[in-house]
file upload-v2.txt (compact mmCIF, C-alpha atoms)
# COMPACT_ATOMS: atom_id res chain seq x y z
CA MET A 715 -27.99 -65.49 21.92
CA SER A 716 -31.17 -64.63 20.03
CA ALA A 717 -33.88 -62.02 20.26
CA ASP A 718 -37.02 -62.95 22.19
CA ALA A 719 -39.57 -64.12 19.63
CA ALA A 720 -42.63 -62.84 21.50
CA THR A 721 -41.14 -59.38 21.92
CA ILE A 722 -40.18 -59.14 18.24
CA ALA A 723 -43.65 -60.36 17.22
CA TYR A 724 -45.30 -57.73 19.41
CA TYR A 725 -43.37 -54.90 17.78
CA GLU A 726 -43.91 -56.31 14.28
CA ALA A 727 -47.67 -56.26 14.87
CA ASN A 728 -47.73 -52.86 16.55
CA ALA A 729 -45.23 -50.84 14.51
CA PRO A 730 -47.87 -48.48 13.05
CA ARG A 731 -49.10 -47.57 16.53
CA TYR A 732 -45.58 -46.88 17.75
CA THR A 733 -44.90 -44.61 14.80
CA LEU A 734 -47.88 -42.42 15.61
CA SER A 735 -47.97 -42.65 19.42
CA PHE A 736 -45.93 -41.18 22.27
CA GLY A 737 -45.95 -37.81 20.51
CA GLN A 738 -43.11 -36.92 18.21
CA ALA A 739 -40.85 -35.14 20.69
CA PRO A 740 -37.47 -36.79 21.22
CA SER A 741 -36.66 -38.71 24.38
CA ARG A 742 -36.13 -36.63 27.48
CA HIS A 743 -32.43 -37.47 27.81
CA LEU A 744 -31.42 -37.15 24.16
CA ASP A 745 -30.38 -33.52 23.83
CA THR A 746 -28.39 -33.59 27.06
CA PHE A 747 -26.55 -36.66 25.76
CA LEU A 748 -25.89 -35.07 22.35
CA ASP A 749 -24.56 -31.94 24.06
CA ARG A 750 -21.67 -34.07 25.38
CA LEU A 751 -20.51 -34.92 21.83
CA GLU A 752 -18.45 -33.12 19.22
CA PRO A 753 -20.60 -31.87 16.33
CA GLY A 754 -21.04 -34.26 13.43
CA VAL A 755 -19.53 -37.39 14.97
CA PRO A 756 -20.86 -40.86 14.04
CA ILE A 757 -23.58 -42.23 16.33
CA LEU A 758 -25.04 -45.73 16.37
CA GLU A 759 -28.66 -45.90 17.46
CA LEU A 760 -29.92 -49.25 18.72
CA GLY A 761 -33.66 -49.87 18.81
CA CYS A 762 -34.62 -46.78 16.82
CA GLY A 763 -38.30 -47.73 16.93
CA GLY A 764 -40.50 -45.21 15.15
CA GLY A 765 -37.56 -42.92 14.44
CA ARG A 766 -38.33 -39.86 16.55
CA ASP A 767 -34.92 -39.84 18.24
CA SER A 768 -33.25 -40.66 14.92
CA ALA A 769 -34.79 -37.58 13.34
CA ARG A 770 -33.56 -35.38 16.19
CA ILE A 771 -30.02 -36.78 16.02
CA ILE A 772 -29.88 -36.03 12.28
CA GLU A 773 -31.43 -32.59 12.83
CA ARG A 774 -28.62 -31.85 15.28
CA GLY A 775 -26.09 -32.60 12.53
CA PHE A 776 -24.72 -35.97 13.61
CA ASP A 777 -23.80 -38.87 11.31
CA LEU A 778 -26.42 -41.41 12.35
CA ASP A 779 -26.53 -45.16 11.81
CA ALA A 780 -30.06 -46.02 12.99
CA THR A 781 -30.92 -49.70 13.58
CA ASP A 782 -33.76 -51.81 14.93
CA ALA A 783 -34.29 -55.56 15.23
CA VAL A 784 -37.86 -55.31 13.94
CA PRO A 785 -38.20 -54.89 10.15
CA ALA A 786 -41.64 -53.29 10.48
CA MET A 787 -40.20 -50.65 12.80
CA VAL A 788 -37.38 -49.94 10.35
CA ARG A 789 -39.90 -49.46 7.55
CA LYS A 790 -42.05 -47.11 9.62
CA ALA A 791 -39.08 -45.04 10.81
CA ASN A 792 -37.95 -44.60 7.22
CA GLU A 793 -41.46 -43.84 5.94
CA ARG A 794 -42.11 -41.29 8.64
CA PHE A 795 -38.73 -39.61 9.01
CA GLY A 796 -36.48 -40.81 6.17
CA VAL A 797 -33.64 -41.62 8.56
CA GLY A 798 -32.05 -44.45 6.57
CA ALA A 799 -32.63 -47.00 9.32
CA ARG A 800 -31.58 -50.61 8.78
CA ALA A 801 -32.52 -53.92 10.37
CA MET A 802 -29.99 -55.25 12.88
CA ARG A 803 -30.39 -57.30 16.04
CA PHE A 804 -28.20 -56.61 19.05
CA ASP A 805 -26.33 -59.88 18.52
CA GLU A 806 -25.44 -58.81 14.98
CA LEU A 807 -23.40 -55.81 16.13
CA GLN A 808 -19.80 -56.43 15.06
CA ALA A 809 -18.40 -52.92 14.60
CA LYS A 810 -14.90 -52.16 15.85
CA GLU A 811 -14.21 -48.62 17.14
CA GLU A 812 -16.51 -47.05 14.54
CA TYR A 813 -18.71 -44.77 16.65
CA ASP A 814 -18.25 -41.87 19.03
CA ALA A 815 -21.54 -42.70 20.70
CA VAL A 816 -24.16 -45.43 21.00
CA TRP A 817 -27.71 -44.31 21.83
CA ALA A 818 -30.03 -47.07 23.09
CA HIS A 819 -33.27 -45.60 24.41
CA ALA A 820 -35.69 -48.11 25.99
CA CYS A 821 -34.44 -51.10 24.01
CA LEU A 822 -31.69 -52.95 25.91
CA LEU A 823 -34.28 -53.54 28.63
CA HIS A 824 -35.58 -56.33 26.34
CA VAL A 825 -32.27 -58.26 26.43
CA ALA A 826 -32.31 -61.39 28.57
CA ARG A 827 -30.13 -61.00 31.65
CA ARG A 828 -27.83 -63.84 30.61
CA ASP A 829 -27.18 -62.10 27.26
CA LEU A 830 -26.69 -58.54 28.45
CA PRO A 831 -22.93 -58.79 29.18
CA GLU A 832 -22.31 -59.99 25.61
CA VAL A 833 -24.40 -57.16 24.15
CA LEU A 834 -22.62 -54.56 26.28
CA GLY A 835 -19.29 -56.05 25.21
CA ALA A 836 -20.27 -55.55 21.56
CA ILE A 837 -21.26 -51.94 22.29
CA TYR A 838 -17.92 -51.39 24.04
CA CYS A 839 -16.07 -52.72 20.99
CA ALA A 840 -18.16 -50.58 18.61
CA LEU A 841 -17.19 -47.40 20.45
CA LYS A 842 -14.00 -45.50 19.84
CA PRO A 843 -11.90 -44.97 22.98
CA GLY A 844 -13.55 -42.18 24.92
CA GLY A 845 -16.88 -42.90 23.26
CA LEU A 846 -20.16 -42.50 25.13
CA HIS A 847 -23.17 -44.79 25.53
CA PHE A 848 -26.66 -44.10 26.87
CA ALA A 849 -29.29 -46.64 27.85
CA ASN A 850 -32.30 -46.73 30.14
CA TYR A 851 -34.07 -49.60 31.85
CA LYS A 852 -37.28 -50.23 33.74
CA LEU A 853 -36.30 -51.14 37.28
CA GLY A 854 -37.54 -54.28 38.99
CA ASP A 855 -36.51 -57.36 40.89
CA GLY A 856 -35.82 -59.89 38.16
CA GLU A 857 -36.42 -60.87 34.57
CA GLY A 858 -40.04 -61.18 33.48
CA ARG A 859 -42.70 -60.01 31.05
CA CYS A 860 -44.78 -56.86 30.99
CA LEU A 861 -48.56 -56.86 30.56
CA LEU A 862 -48.07 -56.89 26.78
CA GLY A 863 -45.96 -60.06 26.88
CA ARG A 864 -42.62 -58.39 26.13
CA LEU A 865 -39.49 -59.71 27.82
CA HIS A 866 -37.82 -57.29 30.25
CA ASN A 867 -34.67 -57.77 32.30
CA PHE A 868 -36.07 -55.55 35.12
CA PRO A 869 -32.73 -54.87 36.88
CA ASP A 870 -32.15 -53.20 40.20
CA PRO A 871 -29.71 -50.27 40.16
CA GLU A 872 -26.83 -52.16 41.77
CA TRP A 873 -27.08 -55.08 39.35
CA ILE A 874 -27.21 -53.00 36.17
CA GLU A 875 -24.34 -50.76 37.29
CA SER A 876 -22.22 -53.83 38.07
CA ILE A 877 -22.94 -55.30 34.62
CA TYR A 878 -21.75 -52.08 32.96
CA ARG A 879 -18.61 -51.95 35.08
CA GLY A 880 -17.95 -55.60 34.29
CA ALA A 881 -18.10 -54.77 30.58
CA GLY A 882 -15.36 -52.18 31.10
CA PHE A 883 -17.44 -49.01 31.11
CA GLU A 884 -16.90 -45.98 33.31
CA LEU A 885 -20.19 -44.73 34.79
CA LEU A 886 -20.52 -41.00 34.21
CA LYS A 887 -24.11 -40.40 35.29
CA THR A 888 -27.07 -42.38 36.56
CA GLU A 889 -30.58 -41.07 37.12
CA ILE A 890 -33.65 -42.76 38.56
CA TYR A 891 -36.96 -41.32 37.41
CA ARG A 892 -40.64 -42.24 37.05
CA GLY A 893 -41.99 -43.25 33.68
CA LYS A 894 -44.90 -45.06 32.06
CA GLY A 895 -44.35 -48.06 29.81
CA ALA A 896 -46.36 -48.93 26.73
CA ASP A 897 -48.42 -51.29 28.89
CA GLY A 898 -49.56 -48.33 31.00
CA THR A 899 -47.57 -49.32 34.09
CA MET A 900 -45.86 -46.52 36.02
CA ARG A 901 -42.55 -47.58 37.53
CA ASN A 902 -39.07 -46.34 38.30
CA TRP A 903 -36.54 -46.30 35.46
CA ILE A 904 -32.78 -45.89 35.50
CA ALA A 905 -30.86 -43.93 32.87
CA LEU A 906 -27.12 -44.52 32.51
CA THR A 907 -24.55 -42.48 30.64
CA VAL A 908 -21.25 -44.36 30.44
CA ALA A 909 -17.93 -44.08 28.63
CA ARG A 910 -15.41 -46.44 27.10
CA PRO A 911 -12.14 -45.34 28.75
call {"tool": "encode", "arguments": {"input": "upload-v2.txt", "output": "structure tokens"}}
result
Amino acid sequence: MSADAATIAYYEANAPRYTLSFGQAPSRHLDTFLDRLEPGVPILELGCGGGRDSARIIERGFDLDATDAVPAMVRKANERFGVGARAMRFDELQAKEEYDAVWAHACLLHVARRDLPEVLGAIYCALKPGGLHFANYKLGDGEGRCLLGRLHNFPDPEWIESIYRGAGFELLKTEIYRGKGADGTMRNWIALTVARP
């Protein structure tokens, strides 16, 4: 398994824009997710991007390990918010029961469908028993690329829920909502909150 080269190259080239765009408010689901956790527990963030969610997680008093596959994004997150982010691809995750939660906002949607079970298995292993995981995906009818050339897995709700169950997760909450991607396309998204039993 390897990261999609075109997607990584896009984010490398556009990191400054992502740091300054989309406002600086945290993601819409973040505080609700954090409210489920005990204060101060360790959280792994995958795909931290420009660092806006990272900053909020730290502000809320959690022990954050922020990561992103794109070195330029890591640099910008640290320059802007000082969150101590580090470079790590999804396939480099090897932690064993280290985190109470894994936050993955709008990043696992770039994992090829064939690779997603392996990535979710690594997230499962990284969580302590009872740990929580959040991720959201743009919905669609099959893997493809957005208007900016980024790879997306574009799942339908039944497929993505089955992949999570197959990885051993218990689905706690799913929500379908409308959202705009960086390419300007409005579409339905799905947000999943799951637990390692």
call {"tool": "atom_distance", "arguments": {"input": "upload-v2.txt", "atom1": "CA of Ala786 (chain A)", "atom2": "CA of Leu906 (chain A)"}}
result
27.8 Å
call {"tool": "residues_around", "arguments": {"input": "upload-v2.txt", "residues": "Thr746 (chain A)", "least_positions_apart": "4", "cutoff": "12 Å", "atoms": "all atoms listed in the file", "output": "PDB file with C-alpha atoms, in the frame of the given file"}}
result
ATOM      1  CA  PRO A 740     -37.470 -36.790  21.220  1.00  0.00           C
ATOM      2  CA  SER A 741     -36.660 -38.710  24.380  1.00  0.00           C
ATOM      3  CA  ARG A 742     -36.130 -36.630  27.480  1.00  0.00           C
ATOM      4  CA  ARG A 750     -21.670 -34.070  25.380  1.00  0.00           C
ATOM      5  CA  LEU A 751     -20.510 -34.920  21.830  1.00  0.00           C
ATOM      6  CA  ILE A 771     -30.020 -36.780  16.020  1.00  0.00           C
ATOM      7  CA  ARG A 774     -28.620 -31.850  15.280  1.00  0.00           C
ATOM      8  CA  TRP A 817     -27.710 -44.310  21.830  1.00  0.00           C
ATOM      9  CA  PHE A 848     -26.660 -44.100  26.870  1.00  0.00           C
ATOM     10  CA  LYS A 887     -24.110 -40.400  35.290  1.00  0.00           C
ATOM     11  CA  THR A 907     -24.550 -42.480  30.640  1.00  0.00           C
TER      12      THR A 907
END
call {"tool": "closest_atom_pairs", "arguments": {"input": "upload-v2.txt", "of": "region 801-883 of chain A", "to": "region 897-903 of chain A", "cutoff": "10 Å", "atoms": "all atoms listed in the file", "output": "tab-separated table"}}
result
residue	atom	partner	partner_atom	distance
A:Ala820	CA	A:Trp903	CA	9.7
A:Asn850	CA	A:Trp903	CA	6.8
A:Tyr851	CA	A:Trp903	CA	5.5
A:Lys852	CA	A:Trp903	CA	4.4
A:Leu853	CA	A:Trp903	CA	5.2
A:Gly854	CA	A:Asn902	CA	8.1
A:Cys860	CA	A:Asp897	CA	7.0
A:Leu861	CA	A:Asp897	CA	5.8
A:Leu862	CA	A:Asp897	CA	6.0
A:Gly863	CA	A:Asp897	CA	9.3
A:Arg864	CA	A:Asp897	CA	9.6
A:Phe868	CA	A:Trp903	CA	9.3
A:Pro869	CA	A:Trp903	CA	9.5
A:Asp870	CA	A:Trp903	CA	9.5
A:Pro871	CA	A:Trp903	CA	9.2
call {"tool": "closest_residue", "arguments": {"input": "upload-v2.txt", "among": "A:Ala849, A:Val908, A:Ile772, A:Ala896", "to": "Ile757 (chain A)", "atoms": "all atoms listed in the file"}}
result
A:Ile772
call {"tool": "atom_distance", "arguments": {"input": "upload-v2.txt", "atom1": "CA of Gly754 (chain A)", "atom2": "CA of Tyr813 (chain A)"}}
result
11.2 Å
call {"tool": "closest_residue", "arguments": {"input": "upload-v2.txt", "among": "A:Pro911, A:Gly845, A:Gly796, A:Pro730", "to": "Glu773 (chain A)", "atoms": "all atoms listed in the file"}}
result
A:Gly796
call {"tool": "atom_distance", "arguments": {"input": "upload-v2.txt", "atom1": "CA of Gln808 (chain A)", "atom2": "CA of Leu841 (chain A)"}}
result
10.8 Å
call {"tool": "residues_around", "arguments": {"input": "upload-v2.txt", "residues": "Ala815 (chain A)", "least_positions_apart": "5", "cutoff": "12 Å", "atoms": "all atoms listed in the file", "output": "number ranges by chain"}}
result
A: 744, 747-760, 771, 776-780, 837-849, 907-910
call {"tool": "residues_around", "arguments": {"input": "upload-v2.txt", "residues": "Cys821 (chain A)", "least_positions_apart": "5", "cutoff": "12 Å", "atoms": "only C-alpha atoms", "output": "list in words"}}
result
Ala717, Thr721, Ile722, Tyr725, Glu759, Leu760, Gly761, Cys762, Gly763, Thr781, Asp782, Ala783, Val784, Arg803, Phe804, Ala826, Leu830, Val833, Phe848, Ala849, Asn850, Tyr851, Lys852, Arg864, Leu865, His866, Asn867, Gly895 and Ala905 of chain A
call {"tool": "closest_residue", "arguments": {"input": "upload-v2.txt", "among": "A:Val816, A:Leu822, A:Ala719, A:Ala881", "to": "Ser768 (chain A)", "atoms": "only C-alpha atoms"}}
result
A:Val816
call {"tool": "closest_residue", "arguments": {"input": "upload-v2.txt", "among": "A:Ala727, A:Ala739, A:Phe795, A:Arg892", "to": "Gly765 (chain A)", "atoms": "only C-alpha atoms"}}
result
A:Phe795
call {"tool": "closest_residue", "arguments": {"input": "upload-v2.txt", "among": "A:Gly764, A:Gly798, A:Gly835, A:Pro785", "to": "Ile877 (chain A)", "atoms": "only C-alpha atoms"}}
result
A:Gly835
call {"tool": "closest_residue", "arguments": {"input": "upload-v2.txt", "among": "A:Asp855, A:Glu832, A:Asp767, A:Glu884", "to": "Glu806 (chain A)", "atoms": "only C-alpha atoms"}}
result
A:Glu832
